[in-house]
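structure37.cif follows; it contains mmCIF, N, CA and C atoms.
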```cif
data_run
loop_
_atom_site.label_atom_id
_atom_site.label_comp_id
_atom_site.auth_asym_id
_atom_site.auth_seq_id
_atom_site.Cartn_x
_atom_site.Cartn_y
_atom_site.Cartn_z
N MET A 22 0.85 -1.16 0.00
CA MET A 22 0.00 0.00 0.00
C MET A 22 0.91 1.23 0.00
N TYR A 23 0.49 2.25 -0.71
CA TYR A 23 1.31 3.45 -0.78
C TYR A 23 0.44 4.69 -0.92
N ASP A 24 1.05 5.82 -0.63
CA ASP A 24 0.44 7.13 -0.80
C ASP A 24 1.38 7.92 -1.70
N SER A 25 0.98 9.09 -2.11
CA SER A 25 1.83 9.97 -2.90
C SER A 25 1.81 11.37 -2.28
N ASN A 26 2.95 12.05 -2.37
CA ASN A 26 2.99 13.42 -1.87
C ASN A 26 2.66 14.38 -3.02
N GLU A 27 2.75 15.69 -2.74
CA GLU A 27 2.41 16.71 -3.73
C GLU A 27 3.28 16.63 -4.97
N LYS A 28 4.52 16.16 -4.82
CA LYS A 28 5.45 16.05 -5.93
C LYS A 28 5.21 14.79 -6.77
N GLY A 29 4.34 13.91 -6.28
CA GLY A 29 4.09 12.66 -6.97
C GLY A 29 4.99 11.53 -6.52
N ASP A 30 5.84 11.77 -5.50
CA ASP A 30 6.71 10.73 -4.97
C ASP A 30 5.89 9.67 -4.25
N VAL A 31 6.24 8.42 -4.46
CA VAL A 31 5.55 7.32 -3.80
C VAL A 31 6.04 7.20 -2.37
N ILE A 32 5.09 7.09 -1.43
CA ILE A 32 5.42 6.93 -0.02
C ILE A 32 4.85 5.59 0.43
N PRO A 33 5.71 4.56 0.60
CA PRO A 33 5.21 3.26 1.05
C PRO A 33 4.58 3.38 2.43
N LYS A 34 3.47 2.67 2.62
CA LYS A 34 2.76 2.75 3.90
C LYS A 34 2.69 1.40 4.62
N SER A 35 2.33 0.35 3.92
CA SER A 35 2.24 -0.95 4.58
C SER A 35 2.28 -2.05 3.53
N GLN A 36 2.47 -3.26 4.02
CA GLN A 36 2.55 -4.40 3.14
C GLN A 36 1.63 -5.48 3.70
N PHE A 37 0.87 -6.10 2.83
CA PHE A 37 -0.05 -7.15 3.24
C PHE A 37 0.34 -8.45 2.57
N GLY A 38 -0.04 -9.54 3.19
CA GLY A 38 0.27 -10.85 2.66
C GLY A 38 -0.99 -11.67 2.47
N CYS A 39 -0.78 -12.94 2.24
CA CYS A 39 -1.88 -13.88 1.99
C CYS A 39 -2.87 -13.87 3.16
N GLY A 40 -4.14 -13.68 2.84
CA GLY A 40 -5.19 -13.71 3.85
C GLY A 40 -5.41 -12.40 4.59
N ASP A 41 -4.58 -11.40 4.34
CA ASP A 41 -4.75 -10.12 5.02
C ASP A 41 -5.95 -9.37 4.46
N VAL A 42 -6.54 -8.56 5.32
CA VAL A 42 -7.69 -7.74 4.95
C VAL A 42 -7.27 -6.29 5.03
N PHE A 43 -7.65 -5.49 4.04
CA PHE A 43 -7.38 -4.06 4.11
C PHE A 43 -8.63 -3.31 3.66
N GLY A 44 -8.72 -2.07 4.07
CA GLY A 44 -9.86 -1.23 3.70
C GLY A 44 -11.03 -1.32 4.65
N LEU A 45 -10.88 -2.10 5.72
CA LEU A 45 -12.00 -2.31 6.64
C LEU A 45 -12.38 -1.02 7.38
N ILE A 46 -11.37 -0.27 7.82
CA ILE A 46 -11.65 0.96 8.57
C ILE A 46 -12.43 1.93 7.69
N SER A 47 -12.04 2.07 6.44
CA SER A 47 -12.76 2.99 5.55
C SER A 47 -14.20 2.51 5.33
N GLN A 48 -14.41 1.20 5.28
CA GLN A 48 -15.77 0.67 5.14
C GLN A 48 -16.60 0.97 6.38
N ILE A 49 -16.01 0.75 7.55
CA ILE A 49 -16.72 1.01 8.80
C ILE A 49 -17.10 2.49 8.90
N GLN A 50 -16.19 3.37 8.46
CA GLN A 50 -16.42 4.81 8.54
C GLN A 50 -17.15 5.35 7.31
N ASN A 51 -17.48 4.48 6.36
CA ASN A 51 -18.18 4.86 5.13
C ASN A 51 -17.43 5.97 4.38
N ARG A 52 -16.10 5.76 4.22
CA ARG A 52 -15.24 6.71 3.51
C ARG A 52 -14.45 5.96 2.45
N PRO A 53 -14.01 6.66 1.41
CA PRO A 53 -13.15 6.01 0.41
C PRO A 53 -11.82 5.61 1.03
N TYR A 54 -11.24 4.55 0.51
CA TYR A 54 -9.92 4.12 0.99
C TYR A 54 -8.89 5.10 0.48
N CYS A 55 -7.97 5.54 1.33
CA CYS A 55 -7.08 6.65 1.00
C CYS A 55 -5.72 6.24 0.42
N LEU A 56 -5.45 4.95 0.29
CA LEU A 56 -4.16 4.50 -0.24
C LEU A 56 -4.35 3.76 -1.56
N SER A 57 -3.27 3.65 -2.28
CA SER A 57 -3.25 2.86 -3.51
C SER A 57 -2.47 1.57 -3.24
N ALA A 58 -2.65 0.59 -4.11
CA ALA A 58 -1.99 -0.69 -3.91
C ALA A 58 -1.35 -1.18 -5.20
N VAL A 59 -0.24 -1.91 -5.03
CA VAL A 59 0.42 -2.58 -6.13
C VAL A 59 0.78 -3.98 -5.63
N ALA A 60 0.43 -5.00 -6.40
CA ALA A 60 0.79 -6.38 -6.03
C ALA A 60 2.22 -6.65 -6.46
N GLN A 61 3.01 -7.26 -5.57
CA GLN A 61 4.39 -7.60 -5.89
C GLN A 61 4.50 -8.95 -6.58
N SER A 62 3.42 -9.70 -6.57
CA SER A 62 3.36 -10.97 -7.27
C SER A 62 1.91 -11.20 -7.68
N GLU A 63 1.67 -12.26 -8.44
CA GLU A 63 0.30 -12.55 -8.86
C GLU A 63 -0.58 -12.72 -7.63
N SER A 64 -1.72 -12.06 -7.63
CA SER A 64 -2.59 -12.04 -6.45
C SER A 64 -4.04 -12.16 -6.84
N ASP A 65 -4.83 -12.68 -5.94
CA ASP A 65 -6.28 -12.70 -6.08
C ASP A 65 -6.87 -11.83 -5.00
N LEU A 66 -7.75 -10.93 -5.37
CA LEU A 66 -8.44 -10.08 -4.42
C LEU A 66 -9.89 -10.52 -4.34
N ILE A 67 -10.41 -10.49 -3.15
CA ILE A 67 -11.82 -10.84 -2.94
C ILE A 67 -12.52 -9.62 -2.39
N GLU A 68 -13.52 -9.14 -3.11
CA GLU A 68 -14.32 -8.02 -2.63
C GLU A 68 -15.41 -8.56 -1.70
N ILE A 69 -15.52 -7.95 -0.55
CA ILE A 69 -16.50 -8.39 0.44
C ILE A 69 -17.62 -7.36 0.51
N ASP A 70 -18.85 -7.82 0.36
CA ASP A 70 -20.01 -6.94 0.48
C ASP A 70 -20.15 -6.54 1.95
N PHE A 71 -19.89 -5.27 2.23
CA PHE A 71 -19.84 -4.81 3.62
C PHE A 71 -21.19 -4.91 4.32
N SER A 72 -22.28 -4.75 3.60
CA SER A 72 -23.59 -4.84 4.26
C SER A 72 -23.81 -6.23 4.84
N ASN A 73 -23.37 -7.28 4.14
CA ASN A 73 -23.47 -8.63 4.69
C ASN A 73 -22.39 -8.87 5.75
N PHE A 74 -21.22 -8.36 5.48
CA PHE A 74 -20.08 -8.54 6.38
C PHE A 74 -20.33 -7.91 7.74
N SER A 75 -20.99 -6.74 7.75
CA SER A 75 -21.22 -6.02 9.01
C SER A 75 -22.06 -6.82 10.00
N ASN A 76 -22.84 -7.77 9.54
CA ASN A 76 -23.62 -8.61 10.46
C ASN A 76 -22.73 -9.47 11.34
N TYR A 77 -21.53 -9.79 10.87
CA TYR A 77 -20.63 -10.68 11.60
C TYR A 77 -19.62 -9.94 12.49
N ILE A 78 -19.42 -8.66 12.24
CA ILE A 78 -18.40 -7.91 12.95
C ILE A 78 -18.59 -7.91 14.46
N SER A 79 -19.82 -7.84 14.91
CA SER A 79 -20.07 -7.73 16.35
C SER A 79 -20.21 -9.08 17.05
N LYS A 80 -20.04 -10.17 16.35
CA LYS A 80 -20.24 -11.49 16.95
C LYS A 80 -18.91 -12.21 17.18
N PRO A 81 -18.63 -12.57 18.46
CA PRO A 81 -17.43 -13.38 18.72
C PRO A 81 -17.57 -14.74 18.04
N PRO A 82 -16.49 -15.41 17.69
CA PRO A 82 -15.09 -15.02 17.82
C PRO A 82 -14.61 -14.11 16.70
N PHE A 83 -15.48 -13.90 15.69
CA PHE A 83 -15.09 -13.08 14.55
C PHE A 83 -14.73 -11.67 14.98
N SER A 84 -15.50 -11.09 15.87
CA SER A 84 -15.23 -9.72 16.32
C SER A 84 -13.86 -9.62 17.00
N ASP A 85 -13.49 -10.65 17.76
CA ASP A 85 -12.18 -10.65 18.42
C ASP A 85 -11.06 -10.63 17.38
N ARG A 86 -11.23 -11.41 16.34
CA ARG A 86 -10.21 -11.48 15.28
C ARG A 86 -10.10 -10.14 14.54
N ILE A 87 -11.25 -9.50 14.28
CA ILE A 87 -11.25 -8.21 13.60
C ILE A 87 -10.54 -7.16 14.46
N ILE A 88 -10.81 -7.16 15.76
CA ILE A 88 -10.17 -6.20 16.67
C ILE A 88 -8.66 -6.40 16.66
N LYS A 89 -8.20 -7.64 16.74
CA LYS A 89 -6.76 -7.92 16.71
C LYS A 89 -6.15 -7.47 15.38
N MET A 90 -6.84 -7.75 14.29
CA MET A 90 -6.32 -7.39 12.98
C MET A 90 -6.21 -5.87 12.85
N LEU A 91 -7.24 -5.16 13.25
CA LEU A 91 -7.21 -3.70 13.16
C LEU A 91 -6.14 -3.10 14.06
N SER A 92 -6.00 -3.65 15.26
CA SER A 92 -4.97 -3.11 16.17
C SER A 92 -3.58 -3.38 15.62
N ASN A 93 -3.36 -4.54 15.00
CA ASN A 93 -2.06 -4.82 14.38
C ASN A 93 -1.78 -3.87 13.22
N GLN A 94 -2.80 -3.56 12.43
CA GLN A 94 -2.61 -2.61 11.33
C GLN A 94 -2.28 -1.22 11.85
N ILE A 95 -2.93 -0.81 12.92
CA ILE A 95 -2.65 0.50 13.51
C ILE A 95 -1.23 0.53 14.06
N LEU A 96 -0.83 -0.52 14.78
CA LEU A 96 0.54 -0.58 15.33
C LEU A 96 1.58 -0.57 14.22
N GLN A 97 1.32 -1.30 13.15
CA GLN A 97 2.25 -1.33 12.02
C GLN A 97 2.38 0.07 11.41
N GLU A 98 1.27 0.77 11.28
CA GLU A 98 1.30 2.12 10.73
C GLU A 98 2.08 3.07 11.64
N VAL A 99 1.88 2.96 12.95
CA VAL A 99 2.60 3.80 13.91
C VAL A 99 4.10 3.53 13.82
N GLU A 100 4.49 2.26 13.82
CA GLU A 100 5.90 1.90 13.72
C GLU A 100 6.50 2.40 12.40
N PHE A 101 5.76 2.23 11.31
CA PHE A 101 6.26 2.67 10.02
C PHE A 101 6.46 4.18 10.00
N ASN A 102 5.50 4.92 10.56
CA ASN A 102 5.62 6.39 10.60
C ASN A 102 6.80 6.84 11.44
N LYS A 103 7.11 6.11 12.50
CA LYS A 103 8.29 6.44 13.31
C LYS A 103 9.57 6.30 12.48
N LEU A 104 9.60 5.28 11.62
CA LEU A 104 10.80 5.01 10.83
C LEU A 104 11.04 6.05 9.73
N GLN A 105 9.98 6.72 9.28
CA GLN A 105 10.10 7.66 8.17
C GLN A 105 11.00 8.85 8.49
N LYS A 106 11.20 9.17 9.76
CA LYS A 106 11.99 10.35 10.10
C LYS A 106 13.50 10.11 10.02
N TYR A 107 13.93 8.87 9.84
CA TYR A 107 15.36 8.58 9.81
C TYR A 107 15.89 8.56 8.39
N ASP A 108 17.10 9.09 8.19
CA ASP A 108 17.78 9.07 6.90
C ASP A 108 18.45 7.71 6.75
N ALA A 109 18.00 6.96 5.74
CA ALA A 109 18.47 5.59 5.58
C ALA A 109 19.97 5.50 5.33
N THR A 110 20.57 6.50 4.71
CA THR A 110 22.00 6.43 4.45
C THR A 110 22.82 6.67 5.71
N LYS A 111 22.27 7.31 6.70
CA LYS A 111 23.02 7.58 7.93
C LYS A 111 22.75 6.51 8.98
N ARG A 112 21.48 6.26 9.26
CA ARG A 112 21.17 5.31 10.32
C ARG A 112 19.76 4.77 10.15
N VAL A 113 19.63 3.48 10.21
CA VAL A 113 18.31 2.85 10.13
C VAL A 113 18.02 2.28 11.51
N ILE A 114 16.93 2.73 12.09
CA ILE A 114 16.59 2.26 13.43
C ILE A 114 15.29 1.47 13.33
N LEU A 115 15.40 0.19 13.44
CA LEU A 115 14.24 -0.69 13.45
C LEU A 115 14.64 -2.07 13.91
N LYS A 116 13.67 -2.83 14.25
CA LYS A 116 13.92 -4.20 14.70
C LYS A 116 14.16 -5.09 13.50
N LYS A 117 14.97 -6.12 13.67
CA LYS A 117 15.33 -6.99 12.56
C LYS A 117 14.12 -7.62 11.89
N TYR A 118 13.13 -8.00 12.67
CA TYR A 118 11.98 -8.66 12.04
C TYR A 118 11.20 -7.70 11.16
N MET A 119 11.15 -6.41 11.52
CA MET A 119 10.45 -5.44 10.68
C MET A 119 11.21 -5.23 9.38
N LEU A 120 12.51 -5.10 9.47
CA LEU A 120 13.33 -4.93 8.28
C LEU A 120 13.24 -6.17 7.39
N ALA A 121 13.34 -7.34 8.00
CA ALA A 121 13.25 -8.58 7.23
C ALA A 121 11.91 -8.67 6.50
N LYS A 122 10.83 -8.31 7.17
CA LYS A 122 9.51 -8.36 6.55
C LYS A 122 9.45 -7.42 5.36
N GLU A 123 9.96 -6.21 5.53
CA GLU A 123 9.95 -5.25 4.44
C GLU A 123 10.79 -5.73 3.25
N LEU A 124 11.87 -6.47 3.53
CA LEU A 124 12.75 -6.98 2.47
C LEU A 124 12.29 -8.31 1.91
N GLY A 125 11.25 -8.89 2.52
CA GLY A 125 10.71 -10.16 2.03
C GLY A 125 11.61 -11.34 2.30
N MET A 126 12.26 -11.34 3.46
CA MET A 126 13.13 -12.46 3.82
C MET A 126 12.93 -12.81 5.29
N SER A 127 13.48 -13.93 5.69
CA SER A 127 13.38 -14.33 7.09
C SER A 127 14.38 -13.53 7.92
N PRO A 128 14.09 -13.34 9.20
CA PRO A 128 15.05 -12.67 10.07
C PRO A 128 16.41 -13.38 10.11
N GLU A 129 16.41 -14.71 9.98
CA GLU A 129 17.67 -15.46 9.99
C GLU A 129 18.53 -15.11 8.78
N THR A 130 17.90 -15.02 7.60
CA THR A 130 18.63 -14.64 6.39
C THR A 130 19.18 -13.23 6.53
N LEU A 131 18.35 -12.34 7.04
CA LEU A 131 18.80 -10.97 7.26
C LEU A 131 19.98 -10.94 8.21
N SER A 132 19.94 -11.71 9.28
CA SER A 132 21.05 -11.76 10.25
C SER A 132 22.33 -12.23 9.59
N ARG A 133 22.24 -13.25 8.72
CA ARG A 133 23.44 -13.74 8.02
C ARG A 133 24.02 -12.66 7.12
N ILE A 134 23.16 -11.96 6.39
CA ILE A 134 23.63 -10.90 5.49
C ILE A 134 24.26 -9.77 6.29
N LEU A 135 23.60 -9.36 7.36
CA LEU A 135 24.15 -8.28 8.19
C LEU A 135 25.48 -8.68 8.82
N SER A 136 25.58 -9.92 9.26
CA SER A 136 26.83 -10.40 9.85
C SER A 136 27.96 -10.35 8.82
N ARG A 137 27.67 -10.77 7.61
CA ARG A 137 28.70 -10.74 6.56
C ARG A 137 29.11 -9.31 6.25
N LEU A 138 28.11 -8.41 6.12
CA LEU A 138 28.43 -7.01 5.84
C LEU A 138 29.25 -6.40 6.98
N LYS A 139 28.94 -6.80 8.21
CA LYS A 139 29.68 -6.30 9.37
C LYS A 139 31.11 -6.84 9.35
N ASN A 140 31.25 -8.13 9.11
CA ASN A 140 32.58 -8.75 9.07
C ASN A 140 33.45 -8.17 7.96
N ASP A 141 32.80 -7.74 6.86
CA ASP A 141 33.53 -7.14 5.75
C ASP A 141 33.77 -5.65 5.95
N GLY A 142 33.32 -5.11 7.08
CA GLY A 142 33.56 -3.70 7.39
C GLY A 142 32.68 -2.71 6.63
N ILE A 143 31.60 -3.20 6.06
CA ILE A 143 30.72 -2.33 5.28
C ILE A 143 29.71 -1.63 6.18
N ILE A 144 29.29 -2.32 7.23
CA ILE A 144 28.36 -1.72 8.20
C ILE A 144 28.86 -2.01 9.60
N CYS A 145 28.33 -1.27 10.55
CA CYS A 145 28.46 -1.66 11.94
C CYS A 145 27.05 -1.59 12.50
N TYR A 146 26.72 -2.49 13.38
CA TYR A 146 25.37 -2.49 13.92
C TYR A 146 25.36 -3.01 15.35
N CYS A 147 24.34 -2.57 16.04
CA CYS A 147 24.07 -3.11 17.35
C CYS A 147 22.62 -3.56 17.32
N GLU A 148 22.02 -3.78 18.46
CA GLU A 148 20.69 -4.37 18.51
C GLU A 148 19.64 -3.57 17.74
N LYS A 149 19.70 -2.25 17.79
CA LYS A 149 18.62 -1.46 17.20
C LYS A 149 19.06 -0.48 16.11
N SER A 150 20.30 -0.49 15.70
CA SER A 150 20.70 0.45 14.66
C SER A 150 21.74 -0.15 13.73
N ILE A 151 21.74 0.35 12.52
CA ILE A 151 22.69 -0.07 11.50
C ILE A 151 23.30 1.20 10.92
N LYS A 152 24.61 1.23 10.82
CA LYS A 152 25.28 2.39 10.25
C LYS A 152 26.19 1.90 9.13
N VAL A 153 26.08 2.55 7.99
CA VAL A 153 26.93 2.22 6.85
C VAL A 153 28.28 2.89 7.07
N THR A 154 29.34 2.07 7.09
CA THR A 154 30.68 2.60 7.32
C THR A 154 31.51 2.66 6.03
N ASP A 155 31.09 1.93 5.01
CA ASP A 155 31.80 1.92 3.72
C ASP A 155 30.76 2.08 2.60
N LYS A 156 30.34 3.33 2.38
CA LYS A 156 29.28 3.61 1.41
C LYS A 156 29.67 3.21 -0.01
N GLU A 157 30.93 3.44 -0.37
CA GLU A 157 31.36 3.13 -1.74
C GLU A 157 31.28 1.64 -2.02
N ASN A 158 31.76 0.82 -1.09
CA ASN A 158 31.71 -0.63 -1.27
C ASN A 158 30.27 -1.11 -1.32
N LEU A 159 29.41 -0.58 -0.45
CA LEU A 159 28.00 -0.96 -0.44
C LEU A 159 27.34 -0.57 -1.76
N ARG A 160 27.64 0.61 -2.25
CA ARG A 160 27.10 1.07 -3.53
C ARG A 160 27.54 0.13 -4.65
N ASP A 161 28.80 -0.30 -4.64
CA ASP A 161 29.29 -1.23 -5.66
C ASP A 161 28.55 -2.57 -5.60
N ILE A 162 28.28 -3.04 -4.40
CA ILE A 162 27.54 -4.30 -4.23
C ILE A 162 26.13 -4.14 -4.77
N ILE A 163 25.46 -3.05 -4.43
CA ILE A 163 24.09 -2.82 -4.86
C ILE A 163 24.03 -2.70 -6.39
N ASN A 164 24.98 -2.01 -6.98
CA ASN A 164 25.01 -1.81 -8.43
C ASN A 164 25.48 -3.04 -9.18
N GLY A 165 25.98 -4.05 -8.48
CA GLY A 165 26.41 -5.28 -9.12
C GLY A 165 27.81 -5.23 -9.69
N SER A 166 28.55 -4.14 -9.42
CA SER A 166 29.90 -4.05 -9.97
C SER A 166 30.90 -4.85 -9.13
N VAL A 167 30.46 -5.32 -7.96
CA VAL A 167 31.28 -6.20 -7.12
C VAL A 167 30.43 -7.44 -6.84
N SER A 168 31.01 -8.63 -7.03
CA SER A 168 30.30 -9.86 -6.74
C SER A 168 30.18 -10.06 -5.24
N TYR A 169 28.98 -10.28 -4.79
CA TYR A 169 28.76 -10.45 -3.35
C TYR A 169 27.64 -11.44 -3.16
N THR A 170 27.99 -12.67 -2.81
CA THR A 170 26.98 -13.71 -2.60
C THR A 170 26.98 -14.11 -1.13
N GLN A 171 25.85 -14.67 -0.73
CA GLN A 171 25.69 -15.08 0.68
C GLN A 171 26.63 -16.19 1.05
#
```
Encoded form (structure tokens):
Amino acid sequence: MYDSNEKGDVIPKSQFGCGDVFGLISQIQNRPYCLSAVAQSESDLIEIDFSNFSNYISKPPFSDRIIKMLSNQILQEVEFNKLQKYDATKRVILKKYMLAKELGMSPETLSRILSRLKNDGIICYCEKSIKVTDKENLRDIINGSVSYTQ
């Protein structure tokens, strides 16, 4: 899911996976959904008729699941908004599982990559921050001009 600013720049907002529901808050509030979406792989979307769906919202256990889902979406949005204030080239402050999710990999794979980058002197990191110490080498790896495999 993404938004756009006045300049037309894309601002990523959240990412959903298999079985996730989005747009529920706008349906409950009878407002248009304010974000746009792009699928990163082949996807099937199911449109739910809200008038029929609303009959189930107030009935447990379904209501409990909806409350958990909405609270998780709100927490994800809050965490994502906190991250937007940091300059990625200077310091990225986030938990490994959040970064791994955004990159589409497991936290274990991310840990292996970060360990290798740290051992090679490209980054230094502690529990909650990553700092690029060799920007030129990292740029070469990203551009593919240097071979770098796991």
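Here, the PyMOL selection byres (((chain A and resi 45-55 and name CA) around 9) and name CA) matches Asp24, Val42, Phe43, Gly44, Leu56, Ser57, Phe71, Ser75 and Leu91 of chain A.
One distance worth recording is that between atom C of Thr154 of chain A and atom C of Val167 of chain A, which is 16.4 Å.
Here atom CA of Gly125 of chain A stands at a distance of 13.1 Å from atom CA of Cys39 of chain A.
From atom N of Asp65 of chain A back to atom C of Ile78 of chain A, the distance works out to 25.1 Å.
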What lies within 7 Å of segment 133-146 of chain A using only C-alpha atoms, ignoring chain neighbours under 3 positions off, as a list in words? Glu129, Thr130, Ser150, Ile151, Lys152, Val153, Thr154, Asp155, Asn158, Leu159 and Gln171 of chain A
Give the helix (DSSP H, G or I) residues of segment 40-94 of chain A, as assigned by DSSP on the backbone, as JSON, numbers by chain. {"A": [45, 46, 47, 48, 49, 71, 72, 73, 74, 75, 76, 77, 78, 83, 84, 85, 86, 87, 88, 89, 90, 91, 92, 93, 94]}
With the PyMOL selection byres (((chain A and resi 36 and name CA) around 8) and name CA) as the selection, what would be picked from this file? Answer as a compact mmCIF listing (two decimals) with N, CA and C atoms, in the frame of the given file, please.
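See part-v4.txt below for the written result:
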```
# COMPACT_ATOMS: atom_id res chain seq x y z
N MET A 22 0.85 -1.16 0.00
CA MET A 22 0.00 0.00 0.00
C MET A 22 0.91 1.23 0.00
N LYS A 34 3.47 2.67 2.62
CA LYS A 34 2.76 2.75 3.90
C LYS A 34 2.69 1.40 4.62
N SER A 35 2.33 0.35 3.92
CA SER A 35 2.24 -0.95 4.58
C SER A 35 2.28 -2.05 3.53
N PHE A 37 0.87 -6.10 2.83
CA PHE A 37 -0.05 -7.15 3.24
C PHE A 37 0.34 -8.45 2.57
N GLY A 38 -0.04 -9.54 3.19
CA GLY A 38 0.27 -10.85 2.66
C GLY A 38 -0.99 -11.67 2.47
N GLU A 123 9.96 -6.21 5.53
CA GLU A 123 9.95 -5.25 4.44
C GLU A 123 10.79 -5.73 3.25
```
